[in-house]
Structures are given as C-alpha cells and as structure tokens.
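K.L.:
Structure in structure tokens, see below.
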Amino acid sequence: MQSLKLRFITALTYSAAFAAAESCSGCNTFPASWNEFSSSFKQPEPPTVKASFEASFIQHKWDESVSHITAGYIVNSPSQHFVRADQAEGGQLSSSFFNYENVTETGLVENILTTYDPDSKEPTVWRDYVNSNFPLFQEDFLISAGASFSGVVERQFAGRVAAWSIMYQGVIPVTVFVDGCNTLVGYEYFSPGRRTRVTTQYFNIKA
C-alpha cells in the first residue's frame with residue numbers, strides 16, 4: 001500500500017510540474033520594484049484573487065507526533081459558501097464537505113466527511129465541527145485581512161509567485177501564494193500549540 005501511495009504522489013508531482021509550466025504562460029510578470037532589496041522597492045497593495053476555483057492539490061500536515069500527506073481534488077466556492085476536498089490517503093477515498101454557512105462562534109466549521117473503505121460495502125459518514133485545514137477563500141480576503149507582502153518566492157510546482165502574509169481568524173499566521181494571474185496556487189500556516197505546520201499546493205487549476 002505504501003508503494004502504491006508513493007507512486008500515486010510521484011505521478012501527481014510530475015503532473016503538477018507540467019501544469020505549472022503551462023499556467024505560467026500569459027500571466028503578468030512581477031516588477032523589479034517587488035524585489036525586497038531593490039532601491040525602487042515599494043510594498044504593493046494586496047490583490048483581489050480568483051476565488052471560485054477547482055484544482056488538484058497535495059497537502060502535508062505535521063505536528064509533534066503526526067506526519068500526514070494527502071492528495072486529491074478541491075472545490076472552493078465562496079458564492080455557495082463551501083469547500084469540498086476529495087482525497088486519497090492510506091488506501092481510502094474520502095470526501096470532506098465544509099459548510100461555511102454553519103460556523104460556530106469560535107470559528108469551527110461544519111464538516112461532513114464521507115469515507116470509502118475498500119473492505120466495506122457502505123461508506124461511512126461522519127459529521128462534526130472542525131478547525132478546517134481548507135479555508136474558504138473570498139475574492140478580497142487578502143485586502144480585508146490587511147495582507148503584508150512577503151516577497152516573490154519560488155514554489156515547487158508553480159514557479160515564481162507572490163507571497164502574502166495574514167493572520168487567519170486573527171490568531172493563525174498564514175502565508176498565501178498568488179501567481180501573476182492573481183490565481184491562488186497554495187498556502188501554508190503554523191500553529192504553536194502542537195508545533196503544527198500545514199503546506200498545501202494547487203495545480204491543474206480551473207479559475
């Protein structure tokens with residue numbers, strides 16, 4: 001099973017690299033004034049982004065005791081207030097539906113998780129409120145969060161992209177990566193409680 005999982009993730013990596021090469025064409029290039037050490041540097045204003053999108057993704061989450069890698073397909077729909085993440089991990093298929101119309105006062109999101117196990121004829125459905133690893137991105141979320149420009153960086157699958165830093169829900173430091181077409185190509189964050197870090201990359205993006 002581990003070998004199959006490794007081959008699956010390796011195939012996704014090659015697919016992502018090919019998709020990144022295609023997605024870079026036709027996008028704006030970043031000006032020299034965005035170089036942090038340029039004498040002409042001036043912090044740019046955060047952009048609006050293409051928030052309604054579907055994409056393949058790969059995500060790695062780790063903390064003091066867990067290292068969890070998953071890959072799949074994601075739908076971000078701010079107009080319908082949901083994120084759906086279909087994933088393959090550990091020999092199972094699962095679909096998480098995060099309903100952002102149903103959020104608690106503490107920021108927990110309703111999640112309906114449907115899991116398909118090869119040893120079972122029926123799916124397992126679980127529902128509860130969670131602190132989601134898949135936030136719902138709005139078109140103006142960088143502006144409303146007062147995002148700070150964090151430089152132009154190289155991402156493994158997307159190439160050169162702009163990094164923007166925000167405090168998600170006012171408490172979690174998140175770095176968001178946006179390409180020259182103002183398309184979200186990934187994000188990462190950390191939480192000090194259990195020394196948690198999550199990094200997510202998108203590719204084959206339809207926005």
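Ordering of the structure tokens sets the chain letters (A, B, ...); residue numbers start at 1 within each chain; ligands are numbered from 1 in the order shown.
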Determine, counting only C-alpha atoms, which protein, DNA and RNA residues have an atom within 8 Å of an atom of stretch 159-167 of chain A; residues of the same chain fewer than 6 positions away are not included. Present the result as a compact mmCIF listing (two decimals) with N, CA, C and O atoms, in the first residue's frame.

P.N.:
# COMPACT_ATOMS: atom_id res chain seq x y z
N ALA A 20 2.24 23.48 -14.03
CA ALA A 20 2.82 24.77 -13.65
C ALA A 20 3.47 25.45 -14.84
O ALA A 20 3.36 26.66 -15.03
N ALA A 21 4.16 24.67 -15.67
CA ALA A 21 4.79 25.24 -16.85
C ALA A 21 3.75 25.85 -17.79
O ALA A 21 3.97 26.90 -18.40
N CYS A 24 2.00 29.28 -16.25
CA CYS A 24 2.81 30.49 -16.18
C CYS A 24 2.66 31.34 -17.44
O CYS A 24 2.89 32.54 -17.41
N PRO A 46 -2.24 44.54 -1.70
CA PRO A 46 -2.71 43.16 -1.90
C PRO A 46 -3.78 43.11 -3.00
O PRO A 46 -4.61 44.01 -3.10
N LEU A 142 -7.42 38.91 0.97
CA LEU A 142 -6.11 39.50 1.25
C LEU A 142 -6.24 40.98 1.62
O LEU A 142 -5.54 41.48 2.51
N ALA A 145 -7.97 41.33 5.09
CA ALA A 145 -7.08 40.89 6.17
C ALA A 145 -5.87 41.79 6.33
O ALA A 145 -5.05 41.57 7.23
N GLY A 146 -5.74 42.81 5.48
CA GLY A 146 -4.58 43.69 5.56
C GLY A 146 -3.28 42.96 5.29
O GLY A 146 -2.30 43.12 6.02
N ALA A 147 -3.26 42.15 4.22
CA ALA A 147 -2.12 41.28 3.94
C ALA A 147 -0.83 42.08 3.75
O ALA A 147 -0.82 43.14 3.12
N SER A 148 0.24 41.55 4.31
CA SER A 148 1.57 42.13 4.15
C SER A 148 2.32 41.37 3.06
O SER A 148 2.33 40.13 3.05
N PHE A 149 2.93 42.11 2.15
CA PHE A 149 3.71 41.49 1.08
C PHE A 149 4.94 40.81 1.67
O PHE A 149 5.68 41.40 2.46
N SER A 150 5.17 39.55 1.27
CA SER A 150 6.29 38.78 1.83
C SER A 150 7.31 38.38 0.78
O SER A 150 8.11 37.47 1.00
N GLY A 151 7.27 39.04 -0.37
CA GLY A 151 8.29 38.80 -1.38
C GLY A 151 7.81 37.91 -2.51
O GLY A 151 6.75 37.30 -2.46
N VAL A 152 8.65 37.85 -3.54
CA VAL A 152 8.43 36.92 -4.65
C VAL A 152 9.28 35.70 -4.39
O VAL A 152 10.49 35.81 -4.17
N VAL A 153 8.65 34.54 -4.39
CA VAL A 153 9.34 33.30 -3.99
C VAL A 153 9.16 32.25 -5.07
O VAL A 153 8.30 32.37 -5.96
N PRO A 173 -1.02 32.50 11.81
CA PRO A 173 -0.24 33.12 10.73
C PRO A 173 -0.25 32.24 9.47
O PRO A 173 0.15 31.08 9.51
N VAL A 174 -0.73 32.82 8.38
CA VAL A 174 -0.87 32.10 7.12
C VAL A 174 -0.12 32.86 6.02
O VAL A 174 -0.21 34.09 5.94
N THR A 175 0.61 32.12 5.20
CA THR A 175 1.23 32.69 4.00
C THR A 175 0.50 32.13 2.80
O THR A 175 0.35 30.91 2.66
N VAL A 176 0.02 33.02 1.94
CA VAL A 176 -0.75 32.66 0.76
C VAL A 176 0.08 32.97 -0.48
O VAL A 176 0.74 34.02 -0.55
N PHE A 177 0.04 32.08 -1.47
CA PHE A 177 0.85 32.24 -2.68
C PHE A 177 -0.06 32.50 -3.89
O PHE A 177 -1.01 31.74 -4.12
N VAL A 178 0.24 33.58 -4.62
CA VAL A 178 -0.60 34.03 -5.72
C VAL A 178 0.28 34.23 -6.95
O VAL A 178 1.33 34.89 -6.87
N ASP A 179 -0.13 33.69 -8.10
CA ASP A 179 0.69 33.85 -9.30
C ASP A 179 0.39 35.17 -10.01
O ASP A 179 -0.40 35.99 -9.52
N GLY A 180 1.02 35.38 -11.16
CA GLY A 180 0.87 36.64 -11.89
C GLY A 180 -0.49 36.85 -12.50
O GLY A 180 -0.80 37.94 -12.98

K.L.:
What lies within 9 Å of A:Asp117 using only C-alpha atoms, ignoring chain neighbours under 4 positions off, as number ranges by chain?

P.N.:
A: 91-94, 121-124

K.L.:
Emit the selected residues as an mmCIF file, in the first residue's frame, including C-alpha atoms.

P.N.:
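Final output, saved to result28.cif:
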data_model
loop_
_atom_site.group_PDB
_atom_site.id
_atom_site.type_symbol
_atom_site.label_atom_id
_atom_site.label_comp_id
_atom_site.auth_asym_id
_atom_site.auth_seq_id
_atom_site.Cartn_x
_atom_site.Cartn_y
_atom_site.Cartn_z
ATOM 1 C CA GLY A 91 -5.810 3.168 0.855
ATOM 2 C CA GLN A 92 -9.062 5.063 1.440
ATOM 3 C CA LEU A 93 -11.050 7.598 -0.539
ATOM 4 C CA SER A 94 -12.829 10.369 1.336
ATOM 5 C CA LYS A 121 -19.628 -2.174 1.005
ATOM 6 C CA GLU A 122 -21.069 1.015 2.500
ATOM 7 C CA PRO A 123 -19.470 4.427 3.001
ATOM 8 C CA THR A 124 -19.012 5.840 6.484
#

K.L.:
Kindly provide the residues of stretch 99-144 of chain A that approach stretch 69-85 of chain A to within 10 Å, each paired with its closest atom pair and their distance in Å to one decimal, based on only C-alpha atoms, listed by chain and increasing number, as CSV.

P.N.:
residue,atom,partner,partner_atom,distance
A:Asn99,CA,A:Phe82,CA,4.9
A:Tyr100,CA,A:His81,CA,5.1
A:Glu101,CA,A:His81,CA,5.9
A:Asn102,CA,A:His81,CA,9.1
A:Val109,CA,A:Phe82,CA,9.9
A:Glu110,CA,A:Phe82,CA,9.9
A:Asn111,CA,A:Arg84,CA,9.5
A:Ile112,CA,A:Arg84,CA,9.6
A:Leu113,CA,A:Ala85,CA,9.5
A:Ser132,CA,A:Val83,CA,9.8
A:Phe134,CA,A:Val83,CA,7.0
A:Pro135,CA,A:Val83,CA,7.5
A:Leu136,CA,A:Val83,CA,6.1
A:Phe137,CA,A:Pro78,CA,6.7
A:Gln138,CA,A:Pro78,CA,5.8
A:Glu139,CA,A:Pro78,CA,8.2

K.L.:
I need the chosen residues saved as a PDB file, in the first residue's frame, with N, CA, C and O atoms.

P.N.:
ATOM      1  N   ASN A  99     -19.056  23.228   5.312  1.00  0.00           N
ATOM      2  CA  ASN A  99     -20.180  24.135   5.130  1.00  0.00           C
ATOM      3  C   ASN A  99     -19.909  25.441   5.878  1.00  0.00           C
ATOM      4  O   ASN A  99     -20.118  25.522   7.091  1.00  0.00           O
ATOM      5  N   TYR A 100     -19.474  26.470   5.157  1.00  0.00           N
ATOM      6  CA  TYR A 100     -19.123  27.731   5.800  1.00  0.00           C
ATOM      7  C   TYR A 100     -20.332  28.615   6.075  1.00  0.00           C
ATOM      8  O   TYR A 100     -20.182  29.735   6.564  1.00  0.00           O
ATOM      9  N   GLU A 101     -21.532  28.105   5.788  1.00  0.00           N
ATOM     10  CA  GLU A 101     -22.743  28.777   6.258  1.00  0.00           C
ATOM     11  C   GLU A 101     -23.059  28.371   7.690  1.00  0.00           C
ATOM     12  O   GLU A 101     -23.922  28.968   8.327  1.00  0.00           O
ATOM     13  N   ASN A 102     -22.334  27.373   8.186  1.00  0.00           N
ATOM     14  CA  ASN A 102     -22.585  26.859   9.530  1.00  0.00           C
ATOM     15  C   ASN A 102     -21.259  26.859  10.298  1.00  0.00           C
ATOM     16  O   ASN A 102     -20.531  25.858  10.321  1.00  0.00           O
ATOM     17  N   VAL A 109     -15.978  24.880  11.775  1.00  0.00           N
ATOM     18  CA  VAL A 109     -16.799  24.761  10.574  1.00  0.00           C
ATOM     19  C   VAL A 109     -17.460  23.380  10.539  1.00  0.00           C
ATOM     20  O   VAL A 109     -16.824  22.367  10.865  1.00  0.00           O
ATOM     21  N   GLU A 110     -18.732  23.352  10.133  1.00  0.00           N
ATOM     22  CA  GLU A 110     -19.401  22.066   9.967  1.00  0.00           C
ATOM     23  C   GLU A 110     -18.710  21.268   8.862  1.00  0.00           C
ATOM     24  O   GLU A 110     -18.482  21.767   7.759  1.00  0.00           O
ATOM     25  N   ASN A 111     -18.368  20.029   9.173  1.00  0.00           N
ATOM     26  CA  ASN A 111     -17.714  19.147   8.200  1.00  0.00           C
ATOM     27  C   ASN A 111     -18.499  17.844   8.105  1.00  0.00           C
ATOM     28  O   ASN A 111     -18.746  17.184   9.117  1.00  0.00           O
ATOM     29  N   ILE A 112     -18.884  17.502   6.880  1.00  0.00           N
ATOM     30  CA  ILE A 112     -19.499  16.204   6.620  1.00  0.00           C
ATOM     31  C   ILE A 112     -18.475  15.374   5.857  1.00  0.00           C
ATOM     32  O   ILE A 112     -18.139  15.682   4.704  1.00  0.00           O
ATOM     33  N   LEU A 113     -17.958  14.363   6.515  1.00  0.00           N
ATOM     34  CA  LEU A 113     -16.898  13.532   5.966  1.00  0.00           C
ATOM     35  C   LEU A 113     -17.463  12.177   5.551  1.00  0.00           C
ATOM     36  O   LEU A 113     -17.997  11.437   6.384  1.00  0.00           O
ATOM     37  N   SER A 132     -10.873  23.691  10.180  1.00  0.00           N
ATOM     38  CA  SER A 132     -10.581  23.136   8.866  1.00  0.00           C
ATOM     39  C   SER A 132      -9.188  23.500   8.372  1.00  0.00           C
ATOM     40  O   SER A 132      -8.715  24.629   8.550  1.00  0.00           O
ATOM     41  N   PHE A 134      -8.800  23.545   5.263  1.00  0.00           N
ATOM     42  CA  PHE A 134      -9.170  24.053   3.948  1.00  0.00           C
ATOM     43  C   PHE A 134     -10.060  25.285   4.127  1.00  0.00           C
ATOM     44  O   PHE A 134     -11.286  25.183   4.115  1.00  0.00           O
ATOM     45  N   PRO A 135      -9.464  26.461   4.304  1.00  0.00           N
ATOM     46  CA  PRO A 135     -10.271  27.671   4.492  1.00  0.00           C
ATOM     47  C   PRO A 135     -11.034  28.033   3.223  1.00  0.00           C
ATOM     48  O   PRO A 135     -10.646  27.663   2.113  1.00  0.00           O
ATOM     49  N   LEU A 136     -12.133  28.761   3.399  1.00  0.00           N
ATOM     50  CA  LEU A 136     -12.899  29.272   2.264  1.00  0.00           C
ATOM     51  C   LEU A 136     -12.325  30.625   1.874  1.00  0.00           C
ATOM     52  O   LEU A 136     -12.414  31.593   2.622  1.00  0.00           O
ATOM     53  N   PHE A 137     -11.725  30.699   0.697  1.00  0.00           N
ATOM     54  CA  PHE A 137     -11.106  31.941   0.235  1.00  0.00           C
ATOM     55  C   PHE A 137     -12.139  32.799  -0.483  1.00  0.00           C
ATOM     56  O   PHE A 137     -12.840  32.333  -1.381  1.00  0.00           O
ATOM     57  N   GLN A 138     -12.192  34.076  -0.096  1.00  0.00           N
ATOM     58  CA  GLN A 138     -13.024  35.060  -0.772  1.00  0.00           C
ATOM     59  C   GLN A 138     -12.149  35.905  -1.707  1.00  0.00           C
ATOM     60  O   GLN A 138     -10.936  35.983  -1.544  1.00  0.00           O
ATOM     61  N   GLU A 139     -12.796  36.562  -2.663  1.00  0.00           N
ATOM     62  CA  GLU A 139     -12.055  37.344  -3.660  1.00  0.00           C
ATOM     63  C   GLU A 139     -11.193  38.428  -3.021  1.00  0.00           C
ATOM     64  O   GLU A 139     -10.071  38.679  -3.449  1.00  0.00           O
TER      65      GLU A 139
END

K.L.:
Got a sec to tell me which of stretch 73-142 of chain A DSSP assigns to strand (DSSP E or B), as number ranges by chain?

P.N.:
A: 73-77, 82-89, 92-103, 109-116, 124-130

K.L.:
Taking the DSSP secondary structure from the backbone, can you list the residues of stretch 13-140 of chain A that are helix (DSSP H, G or I), as a PyMOL selection string?

P.N.:
chain A and resi 13-23+32-34

K.L.:
Quick one: residues within 12 Å of A:Gly193, only C-alpha atoms, excluding same-chain residues fewer than 6 positions away - as a list in words?

P.N.:
Asp63, Glu64, Val171 and Ile172 of chain A

K.L.:
Could you pull the residues within 9 Å of A:Ile143, counting only C-alpha atoms, minus those fewer than 5 positions along the same chain, as a list in words?

P.N.:
Glu45, Pro46, Pro47 and Thr48 of chain A

K.L.:
Take the residues from that selection and put them in a file with C-alpha atoms, as a compact mmCIF listing (two decimals), in the first residue's frame.

P.N.:
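part.txt, freshly written:
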# COMPACT_ATOMS: atom_id res chain seq x y z
CA GLU A 45 -1.17 46.60 -2.45
CA PRO A 46 -2.71 43.16 -1.90
CA PRO A 47 -4.70 41.97 -4.93
CA THR A 48 -8.13 40.51 -5.33

K.L.:
Report as a list in words all protein, DNA and RNA residues lying within 12 Å of A:Gln59, evaluated on only C-alpha atoms, omitting residues in the same chain fewer than 5 positions from it.

P.N.:
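Those residues are Ile9, Leu12, Thr13, Ser67, His68, Ile69, Thr70, Ala71, Gly72, Tyr73, Ile74, Ala85, Gln87, Ala88, Glu89, Asn133, Phe134, Gly186, Tyr187, Glu188, Tyr189, Arg197, Val198, Thr199, Thr200, Gln201, Tyr202 and Phe203 of chain A.
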
K.L.:
Selection from above, N, CA and C atoms, as a compact mmCIF listing (two decimals), in the first residue's frame, can you write it?

P.N.:
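The result, written out as part.txt:
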# COMPACT_ATOMS: atom_id res chain seq x y z
N ILE A 9 1.56 9.69 -5.50
CA ILE A 9 2.04 11.04 -5.21
C ILE A 9 3.12 11.45 -6.20
N LEU A 12 1.45 12.54 -9.32
CA LEU A 12 0.88 13.86 -9.13
C LEU A 12 1.94 14.95 -9.24
N THR A 13 3.14 14.66 -8.72
CA THR A 13 4.22 15.63 -8.78
C THR A 13 4.60 15.95 -10.21
N SER A 67 2.73 12.89 10.84
CA SER A 67 3.09 13.39 9.51
C SER A 67 2.06 12.81 8.54
N HIS A 68 1.26 13.68 7.95
CA HIS A 68 0.10 13.25 7.16
C HIS A 68 0.13 13.91 5.79
N ILE A 69 0.29 13.11 4.73
CA ILE A 69 0.29 13.62 3.36
C ILE A 69 -0.95 13.10 2.66
N THR A 70 -1.66 14.01 2.01
CA THR A 70 -2.86 13.63 1.27
C THR A 70 -2.88 14.38 -0.05
N ALA A 71 -3.56 13.80 -1.03
CA ALA A 71 -3.67 14.42 -2.35
C ALA A 71 -5.08 14.20 -2.86
N GLY A 72 -5.53 15.10 -3.74
CA GLY A 72 -6.88 14.93 -4.26
C GLY A 72 -7.32 16.12 -5.09
N TYR A 73 -8.61 16.42 -4.98
CA TYR A 73 -9.24 17.47 -5.79
C TYR A 73 -10.07 18.35 -4.87
N ILE A 74 -10.01 19.67 -5.10
CA ILE A 74 -10.67 20.62 -4.21
C ILE A 74 -11.53 21.59 -5.00
N ALA A 85 -13.29 18.87 -0.44
CA ALA A 85 -11.99 18.27 -0.69
C ALA A 85 -12.15 16.77 -0.81
N GLN A 87 -10.22 13.29 -1.33
CA GLN A 87 -8.84 12.92 -1.04
C GLN A 87 -8.62 11.41 -1.16
N ALA A 88 -7.38 11.07 -1.45
CA ALA A 88 -6.93 9.68 -1.41
C ALA A 88 -5.77 9.60 -0.42
N GLU A 89 -5.92 8.73 0.58
CA GLU A 89 -4.87 8.63 1.60
C GLU A 89 -5.00 7.30 2.32
N ASN A 133 -8.52 22.51 7.72
CA ASN A 133 -7.26 22.78 7.01
C ASN A 133 -7.51 23.39 5.64
N PHE A 134 -8.80 23.54 5.26
CA PHE A 134 -9.17 24.05 3.95
C PHE A 134 -10.06 25.29 4.13
N GLY A 186 -1.54 28.11 -3.60
CA GLY A 186 -1.23 27.37 -2.39
C GLY A 186 -1.16 28.26 -1.17
N TYR A 187 -0.94 27.63 -0.03
CA TYR A 187 -0.82 28.36 1.23
C TYR A 187 -0.13 27.46 2.24
N GLU A 188 0.36 28.08 3.31
CA GLU A 188 0.92 27.32 4.42
C GLU A 188 0.72 28.10 5.71
N TYR A 189 0.67 27.37 6.81
CA TYR A 189 0.50 28.04 8.10
C TYR A 189 1.11 27.19 9.20
N ARG A 197 2.39 22.36 11.42
CA ARG A 197 2.61 23.09 10.17
C ARG A 197 1.85 22.38 9.06
N VAL A 198 1.24 23.17 8.19
CA VAL A 198 0.50 22.64 7.04
C VAL A 198 0.94 23.39 5.80
N THR A 199 1.29 22.66 4.76
CA THR A 199 1.62 23.27 3.48
C THR A 199 0.78 22.61 2.40
N THR A 200 0.16 23.44 1.55
CA THR A 200 -0.76 22.98 0.52
C THR A 200 -0.38 23.60 -0.81
N GLN A 201 -0.36 22.80 -1.86
CA GLN A 201 -0.06 23.31 -3.20
C GLN A 201 -1.18 22.89 -4.15
N TYR A 202 -1.59 23.85 -5.02
CA TYR A 202 -2.60 23.60 -6.03
C TYR A 202 -1.95 23.48 -7.40
N PHE A 203 -2.56 22.70 -8.28
CA PHE A 203 -2.14 22.63 -9.68
C PHE A 203 -3.33 22.16 -10.51

K.L.:
In Å, with one decimal, what is the gap from atom CA of A:Ser96 to atom CA of A:Asp128?

P.N.:
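Spanning atom CA of A:Ser96 to atom CA of A:Asp128 is a straight-line distance of 11.1 Å.
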
K.L.:
Rounded to one decimal, what separation in Å do you get between atom CA of A:Pro31 and atom CA of A:Gln43?

P.N.:
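Separating atom CA of A:Pro31 from atom CA of A:Gln43 is a distance of 11.5 Å.
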
K.L.:
With only C-alpha atoms as the atoms that count, which of A:Leu108, A:Ala51, A:Cys181, A:Ile205 lies nearest to A:Asn28?

P.N.:
A:Cys181
